[in-house]
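Q: Have a look at the structure that comes next, please.
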Amino acid sequence: MTAYAPFRHLAAVAVLAAAPAAFAAPADIDPATRAAIEATCFDYLDGQLEGDPARVARALHPDLAKRRVLGETADEKLGLRRMSKEELVELTLQGALKTPKAQWNRSCAALDVAGNVAVARAETPWFVDFFHLGKFGERWIIVNALWYAKPKPAGP
């Protein structure tokens, strides 16, 4: 053992002590950026609830990857439900989630931003979505969505 061996332990302690700062909550998001991200999120949610496919479409990147974790299925060990922009817009056109406005219970929150990418969370009584958004020009657009379908309440 060299004379410097105790300092290696101090260095390890210093790195571990600094680690929480590296994973701390991000700095506050600029209010205008937050508003723009959440506006895109509400276009996605409210467009579906209104049955407005154009509103939903403008929130989505043409190469959208929307997925839901299924777990093991007959075809896949790590099964995913995959959905494209076109499929989501078509479901909206069909009114799959159309709901009277008095019954809307939804939220959107921008969680983090780094340059021209962001993460947001959307929630309704039926699902939770986590979005990756990209800023294209002045517009924030949903590029990826991973969603969780909430369990349906037990019937009477």
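Identifiers in this document derive from the order of the structure tokens: chains are assigned A, B, ..., residues are numbered from 1 separately in each chain, and ligands are numbered from 1 in order of occurrence.
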Give me the residues near Glu50 in chain A as a VMD selection string, where near means some atom within 9 Å (using only C-alpha atoms) and where sequence neighbours in that chain fewer than 2 positions away do not count.

A: chain A and resid 45 to 48 52 to 53 92 95 97 to 101

Q: Could you write out, as a ChimeraX atom specification, all the residues of range 20-146 of chain A that DSSP marks as strand (DSSP E)?

A: /A:60-71,79-83,107-114,117-123,127-136,139-146

Q: Between A:Ala149, A:Val143, A:Ile37, A:Leu88, which is the closest to Pro62 in chain A once you count only C-alpha atoms?

A: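 Residue with the minimum atom-to-atom distance to Pro62 in chain A: A:Val143.
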
Q: Pick out each residue of range 67-106 of chain A that DSSP on the backbone tags as helix (DSSP H, G or I); I need them as a VMD selection string.

A: chain A and resid 85 to 93 101 to 103

Q: Which residues are close to Arg121 in chain A, i.e. within 6 Å by only C-alpha atoms, leaving aside same-chain residues fewer than 2 positions away? Reply as an MDAnalysis selection string.

A: chainID A and resid 108:109 129:130

Q: Just write the chosen residues, N, CA, C and O atoms, as a compact mmCIF listing (two decimals), in the first residue's frame.

A:
```txt
# COMPACT_ATOMS: atom_id res chain seq x y z
N CYS A 108 -51.10 18.32 -18.43
CA CYS A 108 -49.85 18.27 -19.19
C CYS A 108 -48.80 19.00 -18.38
O CYS A 108 -49.08 20.05 -17.80
N ALA A 109 -47.60 18.45 -18.36
CA ALA A 109 -46.50 19.10 -17.64
C ALA A 109 -45.19 18.90 -18.40
O ALA A 109 -44.83 17.77 -18.73
N ASP A 129 -49.15 9.40 -20.72
CA ASP A 129 -48.17 9.42 -21.80
C ASP A 129 -46.93 10.16 -21.33
O ASP A 129 -47.04 11.21 -20.67
N PHE A 130 -45.76 9.65 -21.70
CA PHE A 130 -44.51 10.37 -21.54
C PHE A 130 -44.02 10.68 -22.95
O PHE A 130 -43.92 9.78 -23.79
```

Q: What is the distance, in Å and to one decimal place, between CA of Thr40 in chain A and CA of Leu91 in chain A?

A: 18.5 Å
